[in-house]
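Text of the file target.cif, holding mmCIF, C-alpha atoms:
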data_my_file
#
loop_
_atom_site.group_PDB
_atom_site.id
_atom_site.type_symbol
_atom_site.label_atom_id
_atom_site.label_comp_id
_atom_site.auth_asym_id
_atom_site.auth_seq_id
_atom_site.Cartn_x
_atom_site.Cartn_y
_atom_site.Cartn_z
ATOM 1 C CA MET A 1 -12.007 -21.262 -22.320
ATOM 2 C CA ASN A 2 -12.421 -20.483 -18.607
ATOM 3 C CA LEU A 3 -11.740 -16.851 -17.665
ATOM 4 C CA GLU A 4 -10.566 -17.855 -14.191
ATOM 5 C CA ASP A 5 -7.956 -20.124 -15.766
ATOM 6 C CA ILE A 6 -6.670 -17.160 -17.749
ATOM 7 C CA GLU A 7 -6.478 -15.092 -14.557
ATOM 8 C CA VAL A 8 -4.454 -17.896 -12.966
ATOM 9 C CA PHE A 9 -2.101 -17.967 -15.955
ATOM 10 C CA LEU A 10 -1.561 -14.203 -15.745
ATOM 11 C CA GLN A 11 -0.935 -14.342 -12.013
ATOM 12 C CA ILE A 12 1.621 -17.138 -12.356
ATOM 13 C CA ALA A 13 3.356 -15.106 -15.056
ATOM 14 C CA ASP A 14 3.542 -12.130 -12.660
ATOM 15 C CA ALA A 15 4.494 -14.093 -9.529
ATOM 16 C CA GLY A 16 6.845 -16.593 -11.135
ATOM 17 C CA SER A 17 5.559 -19.485 -9.049
ATOM 18 C CA LEU A 18 2.446 -21.465 -8.182
ATOM 19 C CA THR A 19 2.918 -20.599 -4.514
ATOM 20 C CA GLY A 20 3.052 -16.870 -5.178
ATOM 21 C CA ALA A 21 0.043 -17.004 -7.473
ATOM 22 C CA ALA A 22 -1.941 -19.026 -4.927
ATOM 23 C CA ARG A 23 -1.117 -16.486 -2.226
ATOM 24 C CA GLU A 24 -2.243 -13.531 -4.314
ATOM 25 C CA LEU A 25 -5.398 -15.285 -5.523
ATOM 26 C CA HIS A 26 -6.265 -16.580 -2.032
ATOM 27 C CA ARG A 27 -6.614 -20.116 -3.393
ATOM 28 C CA PRO A 28 -4.959 -23.435 -2.520
ATOM 29 C CA LYS A 29 -1.822 -24.160 -4.503
ATOM 30 C CA ALA A 30 -3.385 -27.426 -5.721
ATOM 31 C CA THR A 31 -6.328 -25.484 -7.191
ATOM 32 C CA VAL A 32 -4.008 -23.081 -9.025
ATOM 33 C CA SER A 33 -1.999 -26.008 -10.372
ATOM 34 C CA HIS A 34 -5.168 -27.746 -11.560
ATOM 35 C CA GLN A 35 -6.402 -24.628 -13.335
ATOM 36 C CA LEU A 36 -3.076 -24.187 -15.096
ATOM 37 C CA ARG A 37 -3.086 -27.809 -16.286
ATOM 38 C CA ARG A 38 -6.651 -27.417 -17.504
ATOM 39 C CA LEU A 39 -5.698 -24.336 -19.549
ATOM 40 C CA GLU A 40 -2.619 -26.061 -20.972
ATOM 41 C CA GLU A 41 -4.697 -29.077 -21.971
ATOM 42 C CA GLU A 42 -7.215 -26.834 -23.714
ATOM 43 C CA ILE A 43 -4.497 -24.915 -25.564
ATOM 44 C CA GLY A 44 -2.466 -28.048 -26.232
ATOM 45 C CA ALA A 45 0.870 -26.612 -25.142
ATOM 46 C CA THR A 46 3.018 -26.170 -22.037
ATOM 47 C CA LEU A 47 2.831 -22.537 -20.916
ATOM 48 C CA PHE A 48 5.617 -22.513 -18.308
ATOM 49 C CA ILE A 49 8.963 -24.198 -17.803
ATOM 50 C CA ARG A 50 10.916 -24.384 -14.550
ATOM 51 C CA SER A 51 14.160 -22.419 -14.403
ATOM 52 C CA ALA A 52 16.200 -21.717 -11.245
ATOM 53 C CA ASN A 53 13.283 -22.428 -8.909
ATOM 54 C CA ARG A 54 10.974 -20.174 -10.908
ATOM 55 C CA LEU A 55 8.324 -20.733 -13.507
ATOM 56 C CA VAL A 56 9.110 -18.826 -16.683
ATOM 57 C CA LEU A 57 7.020 -18.549 -19.802
ATOM 58 C CA SER A 58 7.620 -21.091 -22.524
ATOM 59 C CA ASN A 59 7.540 -19.960 -26.138
ATOM 60 C CA ALA A 60 3.855 -20.856 -26.270
ATOM 61 C CA GLY A 61 3.233 -19.031 -22.981
ATOM 62 C CA ALA A 62 4.972 -15.900 -24.234
ATOM 63 C CA GLU A 63 2.825 -16.003 -27.383
ATOM 64 C CA PHE A 64 -0.334 -16.411 -25.306
ATOM 65 C CA LEU A 65 0.497 -13.686 -22.742
ATOM 66 C CA ASP A 66 -0.617 -10.634 -24.737
ATOM 67 C CA HIS A 67 -3.787 -12.412 -25.858
ATOM 68 C CA ALA A 68 -4.601 -13.303 -22.245
ATOM 69 C CA ARG A 69 -4.172 -9.681 -21.198
ATOM 70 C CA THR A 70 -6.395 -8.582 -24.079
ATOM 71 C CA ILE A 71 -9.085 -11.038 -22.959
ATOM 72 C CA ARG A 72 -8.935 -9.687 -19.399
ATOM 73 C CA ARG A 73 -9.116 -6.080 -20.589
ATOM 74 C CA ALA A 74 -12.096 -6.906 -22.796
ATOM 75 C CA CYS A 75 -13.914 -8.490 -19.844
ATOM 76 C CA HIS A 76 -13.190 -5.466 -17.679
ATOM 77 C CA ARG A 77 -14.492 -3.108 -20.357
ATOM 78 C CA GLY A 78 -17.618 -5.202 -20.758
ATOM 79 C CA LEU A 79 -18.328 -5.138 -17.013
ATOM 80 C CA ASP A 80 -17.614 -1.427 -16.827
ATOM 81 C CA SER A 81 -20.029 -0.702 -19.680
ATOM 82 C CA ALA A 82 -22.750 -2.873 -18.162
ATOM 83 C CA ARG A 83 -22.423 -1.158 -14.792
ATOM 84 C CA ALA A 84 -22.221 2.366 -16.165
ATOM 85 C CA GLY A 85 -25.976 2.897 -15.951
ATOM 86 C CA GLN A 86 -26.379 1.582 -12.423
ATOM 87 C CA LYS A 87 -27.552 4.128 -9.882
ATOM 88 C CA LYS A 88 -25.944 2.218 -7.012
ATOM 89 C CA ALA A 89 -22.501 0.665 -6.901
ATOM 90 C CA GLN A 90 -22.840 -3.107 -6.688
ATOM 91 C CA GLY A 91 -20.689 -6.197 -7.034
ATOM 92 C CA THR A 92 -17.158 -6.565 -5.680
ATOM 93 C CA MET A 93 -14.272 -4.131 -5.856
ATOM 94 C CA ARG A 94 -10.761 -5.439 -5.154
ATOM 95 C CA ILE A 95 -8.349 -2.922 -3.666
ATOM 96 C CA GLY A 96 -4.676 -3.574 -3.017
ATOM 97 C CA SER A 97 -2.615 -1.478 -0.623
ATOM 98 C CA THR A 98 0.897 -1.251 0.718
ATOM 99 C CA GLY A 99 0.860 -2.011 4.402
ATOM 100 C CA GLU A 100 2.914 0.629 6.199
ATOM 101 C CA PHE A 101 -0.071 2.676 7.422
ATOM 102 C CA ALA A 102 -3.058 0.545 6.528
ATOM 103 C CA SER A 103 -4.709 0.965 9.940
ATOM 104 C CA ASN A 104 -4.363 4.724 10.335
ATOM 105 C CA LEU A 105 -4.541 5.951 6.762
ATOM 106 C CA ILE A 106 -5.886 3.408 4.299
ATOM 107 C CA ALA A 107 -8.618 1.838 6.444
ATOM 108 C CA PRO A 108 -10.378 5.116 7.375
ATOM 109 C CA LEU A 109 -10.373 6.190 3.716
ATOM 110 C CA ILE A 110 -11.854 2.868 2.589
ATOM 111 C CA LEU A 111 -14.398 2.817 5.433
ATOM 112 C CA HIS A 112 -15.678 6.222 4.422
ATOM 113 C CA PHE A 113 -16.193 5.019 0.849
ATOM 114 C CA ALA A 114 -17.845 1.815 2.095
ATOM 115 C CA ARG A 115 -20.294 3.739 4.244
ATOM 116 C CA HIS A 116 -21.517 5.645 1.201
ATOM 117 C CA ASN A 117 -21.702 2.522 -0.995
ATOM 118 C CA PRO A 118 -23.477 -0.065 1.185
ATOM 119 C CA ASP A 119 -24.323 -2.400 -1.713
ATOM 120 C CA LEU A 120 -20.715 -2.695 -2.858
ATOM 121 C CA ARG A 121 -18.529 -5.467 -1.448
ATOM 122 C CA LEU A 122 -14.967 -4.292 -0.823
ATOM 123 C CA ASP A 123 -12.029 -6.686 -0.771
ATOM 124 C CA LEU A 124 -8.960 -4.928 0.658
ATOM 125 C CA SER A 125 -5.617 -6.756 0.567
ATOM 126 C CA VAL A 126 -2.572 -5.340 2.367
ATOM 127 C CA VAL A 127 0.714 -6.611 0.910
ATOM 128 C CA ARG A 128 4.327 -5.613 0.338
ATOM 129 C CA SER A 129 4.970 -3.069 -2.405
ATOM 130 C CA ASP A 130 6.806 -5.499 -4.682
ATOM 131 C CA LEU A 131 4.100 -8.170 -4.368
ATOM 132 C CA LEU A 132 1.385 -5.575 -4.853
ATOM 133 C CA LEU A 133 2.834 -4.431 -8.159
ATOM 134 C CA SER A 134 3.509 -7.946 -9.402
ATOM 135 C CA SER A 135 -0.170 -8.833 -8.849
ATOM 136 C CA ARG A 136 -1.618 -5.499 -10.000
ATOM 137 C CA GLY A 137 -3.805 -7.157 -12.620
ATOM 138 C CA ASN A 138 -5.887 -8.744 -9.838
ATOM 139 C CA TYR A 139 -7.050 -5.425 -8.414
ATOM 140 C CA ASP A 140 -9.446 -2.728 -9.522
ATOM 141 C CA CYS A 141 -7.327 -0.107 -7.762
ATOM 142 C CA LEU A 142 -3.961 0.055 -5.989
ATOM 143 C CA LEU A 143 -3.128 2.454 -3.156
ATOM 144 C CA TYR A 144 0.619 2.954 -3.435
ATOM 145 C CA LEU A 145 2.814 4.803 -0.956
ATOM 146 C CA GLY A 146 5.720 6.654 -2.576
ATOM 147 C CA GLU A 147 6.561 7.339 -6.201
ATOM 148 C CA PRO A 148 5.425 4.378 -8.365
ATOM 149 C CA PRO A 149 8.297 2.719 -10.246
ATOM 150 C CA MET A 150 8.439 3.326 -13.963
ATOM 151 C CA PRO A 151 8.152 1.763 -16.474
ATOM 152 C CA GLN A 152 6.617 -1.067 -14.409
ATOM 153 C CA VAL A 153 3.322 0.785 -14.020
ATOM 154 C CA SER A 154 3.427 2.690 -17.303
ATOM 155 C CA GLU A 155 0.178 1.047 -18.416
ATOM 156 C CA MET A 156 -1.630 2.389 -15.342
ATOM 157 C CA THR A 157 -3.280 5.722 -14.628
ATOM 158 C CA GLY A 158 -2.185 7.434 -11.410
ATOM 159 C CA ARG A 159 -4.054 9.932 -9.234
ATOM 160 C CA LEU A 160 -2.212 11.701 -6.442
ATOM 161 C CA LEU A 161 -4.404 11.439 -3.341
ATOM 162 C CA GLY A 162 -2.263 13.531 -1.026
ATOM 163 C CA ARG A 163 1.044 13.873 0.779
ATOM 164 C CA PHE A 164 2.305 13.752 4.351
ATOM 165 C CA ALA A 165 5.580 14.411 6.165
ATOM 166 C CA PHE A 166 7.563 12.533 8.812
ATOM 167 C CA GLY A 167 8.757 14.062 12.076
ATOM 168 C CA LEU A 168 10.874 13.085 15.090
ATOM 169 C CA PHE A 169 9.206 12.015 18.349
ATOM 170 C CA CYS A 170 10.078 10.506 21.718
ATOM 171 C CA SER A 171 8.495 10.129 25.137
ATOM 172 C CA PRO A 172 8.747 12.616 28.019
ATOM 173 C CA GLY A 173 10.357 9.792 30.003
ATOM 174 C CA TYR A 174 13.160 9.459 27.458
ATOM 175 C CA LEU A 175 13.838 13.218 27.571
ATOM 176 C CA ALA A 176 13.943 13.092 31.357
ATOM 177 C CA ARG A 177 17.029 10.880 31.078
ATOM 178 C CA HIS A 178 18.611 12.323 27.925
ATOM 179 C CA PRO A 179 19.249 15.939 26.878
ATOM 180 C CA ALA A 180 17.083 16.955 23.930
ATOM 181 C CA PRO A 181 19.078 17.265 20.685
ATOM 182 C CA ALA A 182 19.584 20.862 19.623
ATOM 183 C CA ALA A 183 20.490 19.953 16.019
ATOM 184 C CA PRO A 184 20.060 16.920 13.720
ATOM 185 C CA SER A 185 23.770 16.090 14.052
ATOM 186 C CA GLU A 186 23.203 15.358 17.758
ATOM 187 C CA LEU A 187 20.776 12.546 16.930
ATOM 188 C CA ARG A 188 23.777 10.228 16.571
ATOM 189 C CA GLN A 189 24.253 10.490 20.337
ATOM 190 C CA HIS A 190 20.749 9.123 21.011
ATOM 191 C CA ASP A 191 18.927 5.813 20.971
ATOM 192 C CA LEU A 192 17.176 5.690 17.603
ATOM 193 C CA LEU A 193 14.239 3.538 16.546
ATOM 194 C CA ALA A 194 14.202 2.870 12.800
ATOM 195 C CA TYR A 195 12.084 1.249 10.130
ATOM 196 C CA GLN A 196 13.512 -1.502 7.942
ATOM 197 C CA SER A 197 11.830 -2.443 4.689
ATOM 198 C CA ALA A 198 12.425 -5.704 2.876
ATOM 199 C CA GLU A 199 15.492 -4.165 1.247
ATOM 200 C CA ASN A 200 17.224 -1.887 3.767
ATOM 201 C CA ILE A 201 16.971 0.507 6.699
ATOM 202 C CA ALA A 202 15.043 3.598 5.686
ATOM 203 C CA PRO A 203 17.311 6.687 5.939
ATOM 204 C CA TRP A 204 16.218 9.761 7.841
ATOM 205 C CA GLU A 205 16.189 12.723 5.465
ATOM 206 C CA LEU A 206 15.413 15.960 7.300
ATOM 207 C CA ARG A 207 14.722 19.454 5.996
ATOM 208 C CA LYS A 208 14.307 22.915 7.526
ATOM 209 C CA GLY A 209 13.755 25.541 4.889
ATOM 210 C CA ASP A 210 16.729 25.303 2.543
ATOM 211 C CA GLU A 211 18.780 23.233 5.005
ATOM 212 C CA GLU A 212 18.973 19.455 4.629
ATOM 213 C CA TYR A 213 20.449 16.730 6.804
ATOM 214 C CA GLY A 214 20.651 13.012 6.041
ATOM 215 C CA LEU A 215 21.173 10.263 8.574
ATOM 216 C CA HIS A 216 21.545 6.504 8.312
ATOM 217 C CA PRO A 217 20.410 5.687 11.846
ATOM 218 C CA GLN A 218 22.496 3.438 14.052
ATOM 219 C CA THR A 219 19.600 1.925 15.905
ATOM 220 C CA ARG A 220 18.767 0.585 19.302
ATOM 221 C CA LEU A 221 15.687 -1.057 17.829
ATOM 222 C CA LEU A 222 14.848 -1.985 14.250
ATOM 223 C CA SER A 223 11.456 -3.140 12.970
ATOM 224 C CA ASN A 224 9.492 -3.476 9.733
ATOM 225 C CA ASP A 225 6.340 -2.362 11.574
ATOM 226 C CA TYR A 226 5.736 1.312 12.391
ATOM 227 C CA TRP A 227 3.387 0.370 15.235
ATOM 228 C CA VAL A 228 6.257 -1.451 16.972
ATOM 229 C CA ILE A 229 8.474 1.596 16.484
ATOM 230 C CA LYS A 230 5.873 4.001 17.879
ATOM 231 C CA LEU A 231 5.103 1.776 20.856
ATOM 232 C CA SER A 232 8.823 1.518 21.605
ATOM 233 C CA ALA A 233 9.100 5.310 21.587
ATOM 234 C CA ILE A 234 6.105 5.615 23.940
ATOM 235 C CA HIS A 235 7.862 3.260 26.366
ATOM 236 C CA ASP A 236 11.025 5.401 26.536
ATOM 237 C CA TYR A 237 13.242 3.327 24.215
ATOM 238 C CA GLY A 238 14.371 6.217 22.050
ATOM 239 C CA ILE A 239 13.586 8.656 19.229
ATOM 240 C CA CYS A 240 11.463 7.556 16.277
ATOM 241 C CA PHE A 241 10.922 9.032 12.822
ATOM 242 C CA VAL A 242 7.290 8.526 11.830
ATOM 243 C CA PRO A 243 4.550 10.411 9.958
ATOM 244 C CA LYS A 244 3.228 13.368 11.913
ATOM 245 C CA PHE A 245 -0.361 12.186 11.571
ATOM 246 C CA PHE A 246 0.678 8.799 12.949
ATOM 247 C CA ALA A 247 1.922 10.390 16.196
ATOM 248 C CA ARG A 248 -0.762 13.097 16.469
ATOM 249 C CA LEU A 249 -3.006 11.329 18.967
ATOM 250 C CA GLU A 250 -0.087 10.303 21.200
ATOM 251 C CA VAL A 251 1.240 13.874 21.192
ATOM 252 C CA GLU A 252 -2.191 15.204 22.218
ATOM 253 C CA GLN A 253 -2.291 12.676 25.060
ATOM 254 C CA GLY A 254 1.203 13.543 26.251
ATOM 255 C CA LEU A 255 2.639 10.124 25.428
ATOM 256 C CA LEU A 256 5.023 11.549 22.819
ATOM 257 C CA VAL A 257 6.615 14.935 22.272
ATOM 258 C CA PRO A 258 8.079 16.357 19.052
ATOM 259 C CA VAL A 259 11.867 16.425 18.763
ATOM 260 C CA LEU A 260 13.458 19.153 16.603
ATOM 261 C CA PRO A 261 9.926 20.105 15.460
ATOM 262 C CA GLU A 262 11.211 22.577 12.870
ATOM 263 C CA TRP A 263 12.807 19.659 10.990
ATOM 264 C CA SER A 264 10.735 17.202 8.963
ATOM 265 C CA SER A 265 10.976 14.958 5.922
ATOM 266 C CA ARG A 266 10.044 15.680 2.367
ATOM 267 C CA GLU A 267 6.376 14.964 1.842
ATOM 268 C CA VAL A 268 5.586 11.374 0.898
ATOM 269 C CA PRO A 269 2.879 10.876 -1.771
ATOM 270 C CA LEU A 270 0.028 8.383 -1.749
ATOM 271 C CA TYR A 271 -1.270 7.405 -5.202
ATOM 272 C CA ALA A 272 -4.302 5.575 -6.492
ATOM 273 C CA LEU A 273 -3.247 3.443 -9.461
ATOM 274 C CA PHE A 274 -5.616 1.691 -11.826
ATOM 275 C CA SER A 275 -5.421 0.216 -15.304
ATOM 276 C CA SER A 276 -5.905 2.872 -17.954
ATOM 277 C CA HIS A 277 -8.622 0.819 -19.638
ATOM 278 C CA ARG A 278 -10.709 1.152 -16.431
ATOM 279 C CA LEU A 279 -11.256 4.898 -16.909
ATOM 280 C CA ARG A 280 -14.947 4.288 -17.703
ATOM 281 C CA ASN A 281 -15.502 2.325 -14.514
ATOM 282 C CA THR A 282 -17.725 4.575 -12.411
ATOM 283 C CA GLN A 283 -16.970 2.670 -9.210
ATOM 284 C CA VAL A 284 -13.232 3.140 -9.614
ATOM 285 C CA ARG A 285 -13.776 6.803 -10.410
ATOM 286 C CA ASP A 286 -16.039 7.266 -7.361
ATOM 287 C CA LEU A 287 -13.507 5.497 -5.135
ATOM 288 C CA VAL A 288 -10.621 7.665 -6.308
ATOM 289 C CA ASN A 289 -12.696 10.845 -5.924
ATOM 290 C CA SER A 290 -13.699 9.826 -2.402
ATOM 291 C CA LEU A 291 -10.108 9.076 -1.407
ATOM 292 C CA THR A 292 -8.902 12.398 -2.784
ATOM 293 C CA GLN A 293 -11.633 14.466 -1.120
ATOM 294 C CA ASN A 294 -11.150 12.898 2.310
ATOM 295 C CA PHE A 295 -7.378 12.514 2.437
ATOM 296 C CA ALA A 296 -6.767 15.649 4.508
ATOM 297 C CA ASP A 297 -9.525 14.863 7.010
ATOM 298 C CA VAL A 298 -8.456 11.265 7.515
ATOM 299 C CA GLN A 299 -5.126 12.374 8.985
ATOM 300 C CA THR A 300 -7.056 13.469 12.073
ATOM 301 C CA TYR A 301 -9.060 10.248 12.270
ATOM 302 C CA LEU A 302 -9.477 9.044 15.854
ATOM 303 C CA TYR A 303 -7.935 5.596 15.872
ATOM 304 C CA SER A 304 -9.304 4.000 19.035
ATOM 305 C CA ALA A 305 -11.413 1.102 20.226
ATOM 306 C CA THR A 306 -14.465 3.354 20.398
ATOM 307 C CA ALA A 307 -15.917 4.272 17.024
ATOM 308 C CA LYS A 308 -17.632 7.612 16.429
ATOM 309 C CA ALA A 309 -20.916 6.806 14.740
ATOM 310 C CA ASP A 310 -21.138 10.158 12.949
ATOM 311 C CA TYR A 311 -17.548 10.255 11.714
ATOM 312 C CA PHE A 312 -17.252 10.924 7.959
ATOM 313 C CA ARG A 313 -20.984 11.001 7.368
#
How would this structure read if it were set down as structure tokens?
Amino acid sequence: MNLEDIEVFLQIADAGSLTGAARELHRPKATVSHQLRRLEEEIGATLFIRSANRLVLSNAGAEFLDHARTIRRACHRGLDSARAGQKKAQGTMRIGSTGEFASNLIAPLILHFARHNPDLRLDLSVVRSDLLLSSRGNYDCLLYLGEPPMPQVSEMTGRLLGRFAFGLFCSPGYLARHPAPAAPSELRQHDLLAYQSAENIAPWELRKGDEEYGLHPQTRLLSNDYWVIKLSAIHDYGICFVPKFFARLEVEQGLLVPVLPEWSSREVPLYALFSSHRLRNTQVRDLVNSLTQNFADVQTYLYSATAKADYFR
């Protein structure tokens, strides 16, 4: 029995379609389909049936699912045991991340780890949160922004890497044409630039000490990309609500200024998630330790076209 065929079966079960599985596995749909047929021929049973434009497990597929997961866990444990005595990290590590701040937060953390593990090949995939969780079995480690949903990840071990808060920002040019808000309630009188996830517009939840204020922004501009939102704020389109570290460099350069700086969001967590049976994997453990140790420093990472050769050495 081919282990890759089992991985394909598990991915189809998670994604609910050949197309979704092919996307997560970075393989042509025809290849995924061929591997599924090969596994079904070897088992002698149909593993999926089509229902409402989705592939759902047949009775035989449901019976095989737990065994397939056990096979994958056994392979992982075997690899982890074999690599335990290695002095240098080698092979390939697959990391999955949510994409909101991959450039400014995730990438610097991963690059620091890569610099200290030159013989290890890192495969970093940036995907939506729902797709990331549905394909979690394909990764050695997930970097998940926000509180992980339970019980979906109950079989995984989580390590809190750190937290960060959002703040309000706009350009000096915008303030030259609009009076600065003196209280959160006055934000409704301004042009607001908001983030929209796949589900809805993210609310603005502000705090100052024991005071709280919630706002569902009526926006001038809406985007599912925080870079678009920040760039729009820089070019005088309105007030944005973004992580403070994400606007730090622009504030230092005078491109953005804080608005109502005493108000900010609750802190948002970033977690490393990995399968509990991978606890003996030294590479996963080293990665998580590296991410935790460098989380605070990475929020001041200089994101620019010019790299600093000695950064994070």
Next item on the list: Select, from A:Ser33, A:Gln11, A:Asn117, A:Asn59, the residue with the minimum atom-to-atom distance to Gln283 (chain A), counting only C-alpha atoms.
Entry: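 Closest candidate: A:Asn117.
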Margin query: Which residue is closest to Gly20 (chain A)? Choose from A:Leu175, A:Val32, A:Ala272, A:Val242 and count all atoms listed in the file.
Written below: A:Val32
Item checked: Selected residue, from A:Ile229, A:Leu10, A:Leu3, A:Leu255, that lies nearest to Glu100 (chain A) when counting all atoms listed in the file ->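 Smallest separation from Glu100 (chain A) among the options: A:Ile229.
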Next item on the list: Might you spell out which residues the PyMOL selection byres ((chain A and resi 183) around 12) would select in the displayed file, as number ranges by chain?
Entry: A: 168, 179-182, 184-190, 206-208, 211-213, 259-263
Next item on the list: I need the residue set behind the PyMOL selection byres ((chain A and resi 12) around 10) for this file; please write it as a ChimeraX atom specification.
Entry: /A:6-11,13-22,24-25,32-33,36,48,54-57,134-135
Next item on the list: Pick out the closest residue to Gln293 (chain A) from this set: A:Leu109, A:Asp66, A:Arg37, A:Arg278. Count only C-alpha atoms.
Entry: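 Closest to Gln293 (chain A) of all the choices is A:Leu109.
Excluding Leu249 (chain A) itself and any same-chain residue fewer than 2 positions from it, the protein and nucleic acid residues within 12 Å of it, counting only C-alpha atoms, are Asn104, Lys230, Ile234, Pro243, Lys244, Phe245, Phe246, Ala247, Val251, Glu252, Gln253, Gly254, Leu255, Leu256, Val257, Gln299, Thr300, Tyr301, Leu302, Tyr303 and Ser304 of chain A.
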Next item on the list: Just say which residues the PyMOL selection byres ((chain A and resi 99) around 10) picks in this file, as an NGL selection string.
Entry: :A and (96-98 or 100-103 or 105-106 or 125-129 or 132 or 143-145 or 225-226)
Those selected residues, please, written with C-alpha atoms and delivered as a PDB file, keeping the file's coordinate frame.
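And here is the file that came out, result-v4.pdb:
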ATOM      1  CA  GLY A  96      -4.676  -3.574  -3.017  1.00  0.00           C
ATOM      2  CA  SER A  97      -2.615  -1.478  -0.623  1.00  0.00           C
ATOM      3  CA  THR A  98       0.897  -1.251   0.718  1.00  0.00           C
ATOM      4  CA  GLU A 100       2.914   0.629   6.199  1.00  0.00           C
ATOM      5  CA  PHE A 101      -0.071   2.676   7.422  1.00  0.00           C
ATOM      6  CA  ALA A 102      -3.058   0.545   6.528  1.00  0.00           C
ATOM      7  CA  SER A 103      -4.709   0.965   9.940  1.00  0.00           C
ATOM      8  CA  LEU A 105      -4.541   5.951   6.762  1.00  0.00           C
ATOM      9  CA  ILE A 106      -5.886   3.408   4.299  1.00  0.00           C
ATOM     10  CA  SER A 125      -5.617  -6.756   0.567  1.00  0.00           C
ATOM     11  CA  VAL A 126      -2.572  -5.340   2.367  1.00  0.00           C
ATOM     12  CA  VAL A 127       0.714  -6.611   0.910  1.00  0.00           C
ATOM     13  CA  ARG A 128       4.327  -5.613   0.338  1.00  0.00           C
ATOM     14  CA  SER A 129       4.970  -3.069  -2.405  1.00  0.00           C
ATOM     15  CA  LEU A 132       1.385  -5.575  -4.853  1.00  0.00           C
ATOM     16  CA  LEU A 143      -3.128   2.454  -3.156  1.00  0.00           C
ATOM     17  CA  TYR A 144       0.619   2.954  -3.435  1.00  0.00           C
ATOM     18  CA  LEU A 145       2.814   4.803  -0.956  1.00  0.00           C
ATOM     19  CA  ASP A 225       6.340  -2.362  11.574  1.00  0.00           C
ATOM     20  CA  TYR A 226       5.736   1.312  12.391  1.00  0.00           C
TER      21      TYR A 226
END
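If only C-alpha atoms are the atoms counted, then among A:Gly162, A:Gly238, A:Gly173, A:Gly61 the closest residue to Leu192 (chain A) is A:Gly238.
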Next item on the list: Could you please give me, as a list of chain:residue names, the residues of protein, DNA or RNA lying at most 10 Å from (5.0, 9.3, -13.3) in the coordinate frame of the file, considering all atoms listed in the file?
Entry: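 Looking at atoms near the point gives A:Glu147, A:Pro148, A:Pro149, A:Met150, A:Pro151, A:Val153, A:Ser154, A:Met156, A:Thr157, A:Gly158, A:Arg159.
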Using only C-alpha atoms, please write the residues we just selected to a file, as an mmCIF file, in the coordinates of the input.
data_model
loop_
_atom_site.group_PDB
_atom_site.id
_atom_site.type_symbol
_atom_site.label_atom_id
_atom_site.label_comp_id
_atom_site.auth_asym_id
_atom_site.auth_seq_id
_atom_site.Cartn_x
_atom_site.Cartn_y
_atom_site.Cartn_z
ATOM 1 C CA GLU A 147 6.561 7.339 -6.201
ATOM 2 C CA PRO A 148 5.425 4.378 -8.365
ATOM 3 C CA PRO A 149 8.297 2.719 -10.246
ATOM 4 C CA MET A 150 8.439 3.326 -13.963
ATOM 5 C CA PRO A 151 8.152 1.763 -16.474
ATOM 6 C CA VAL A 153 3.322 0.785 -14.020
ATOM 7 C CA SER A 154 3.427 2.690 -17.303
ATOM 8 C CA MET A 156 -1.630 2.389 -15.342
ATOM 9 C CA THR A 157 -3.280 5.722 -14.628
ATOM 10 C CA GLY A 158 -2.185 7.434 -11.410
ATOM 11 C CA ARG A 159 -4.054 9.932 -9.234
#
Note to self: I'd like the interatomic distance between CA of Thr282 (chain A) and CA of Asp119 (chain A), to a tenth of an Å.
What the structure shows: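 Rounded to one decimal, the two atoms are 14.4 Å apart.
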Could you write region 162-171 of chain A as a PDB file, in the frame of the given file, with N, CA and C atoms rebuilt where they are missing?
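In the end it all went to selection04.pdb:
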ATOM      1  N   GLY A 162      -2.735  12.562  -2.007  1.00  0.00           N
ATOM      2  CA  GLY A 162      -2.263  13.531  -1.026  1.00  0.00           C
ATOM      3  C   GLY A 162      -0.844  13.214  -0.605  1.00  0.00           C
ATOM      4  N   ARG A 163      -0.316  14.040   0.295  1.00  0.00           N
ATOM      5  CA  ARG A 163       1.044  13.873   0.779  1.00  0.00           C
ATOM      6  C   ARG A 163       1.092  14.084   2.284  1.00  0.00           C
ATOM      7  N   PHE A 164       2.099  13.526   2.922  1.00  0.00           N
ATOM      8  CA  PHE A 164       2.305  13.752   4.351  1.00  0.00           C
ATOM      9  C   PHE A 164       3.793  13.715   4.656  1.00  0.00           C
ATOM     10  N   ALA A 165       4.174  14.317   5.785  1.00  0.00           N
ATOM     11  CA  ALA A 165       5.580  14.411   6.165  1.00  0.00           C
ATOM     12  C   ALA A 165       5.844  13.631   7.450  1.00  0.00           C
ATOM     13  N   PHE A 166       7.094  13.199   7.601  1.00  0.00           N
ATOM     14  CA  PHE A 166       7.563  12.533   8.812  1.00  0.00           C
ATOM     15  C   PHE A 166       8.164  13.570   9.761  1.00  0.00           C
ATOM     16  N   GLY A 167       8.107  13.251  11.062  1.00  0.00           N
ATOM     17  CA  GLY A 167       8.757  14.062  12.076  1.00  0.00           C
ATOM     18  C   GLY A 167       9.412  13.174  13.127  1.00  0.00           C
ATOM     19  N   LEU A 168      10.166  13.790  14.021  1.00  0.00           N
ATOM     20  CA  LEU A 168      10.874  13.085  15.090  1.00  0.00           C
ATOM     21  C   LEU A 168      10.079  13.175  16.385  1.00  0.00           C
ATOM     22  N   PHE A 169       9.988  12.051  17.117  1.00  0.00           N
ATOM     23  CA  PHE A 169       9.206  12.015  18.349  1.00  0.00           C
ATOM     24  C   PHE A 169       9.885  11.098  19.361  1.00  0.00           C
ATOM     25  N   CYS A 170       9.670  11.402  20.635  1.00  0.00           N
ATOM     26  CA  CYS A 170      10.078  10.506  21.718  1.00  0.00           C
ATOM     27  C   CYS A 170       9.167  10.761  22.909  1.00  0.00           C
ATOM     28  N   SER A 171       9.340   9.999  23.950  1.00  0.00           N
ATOM     29  CA  SER A 171       8.495  10.129  25.137  1.00  0.00           C
ATOM     30  C   SER A 171       9.070  11.155  26.104  1.00  0.00           C
TER      31      SER A 171
END
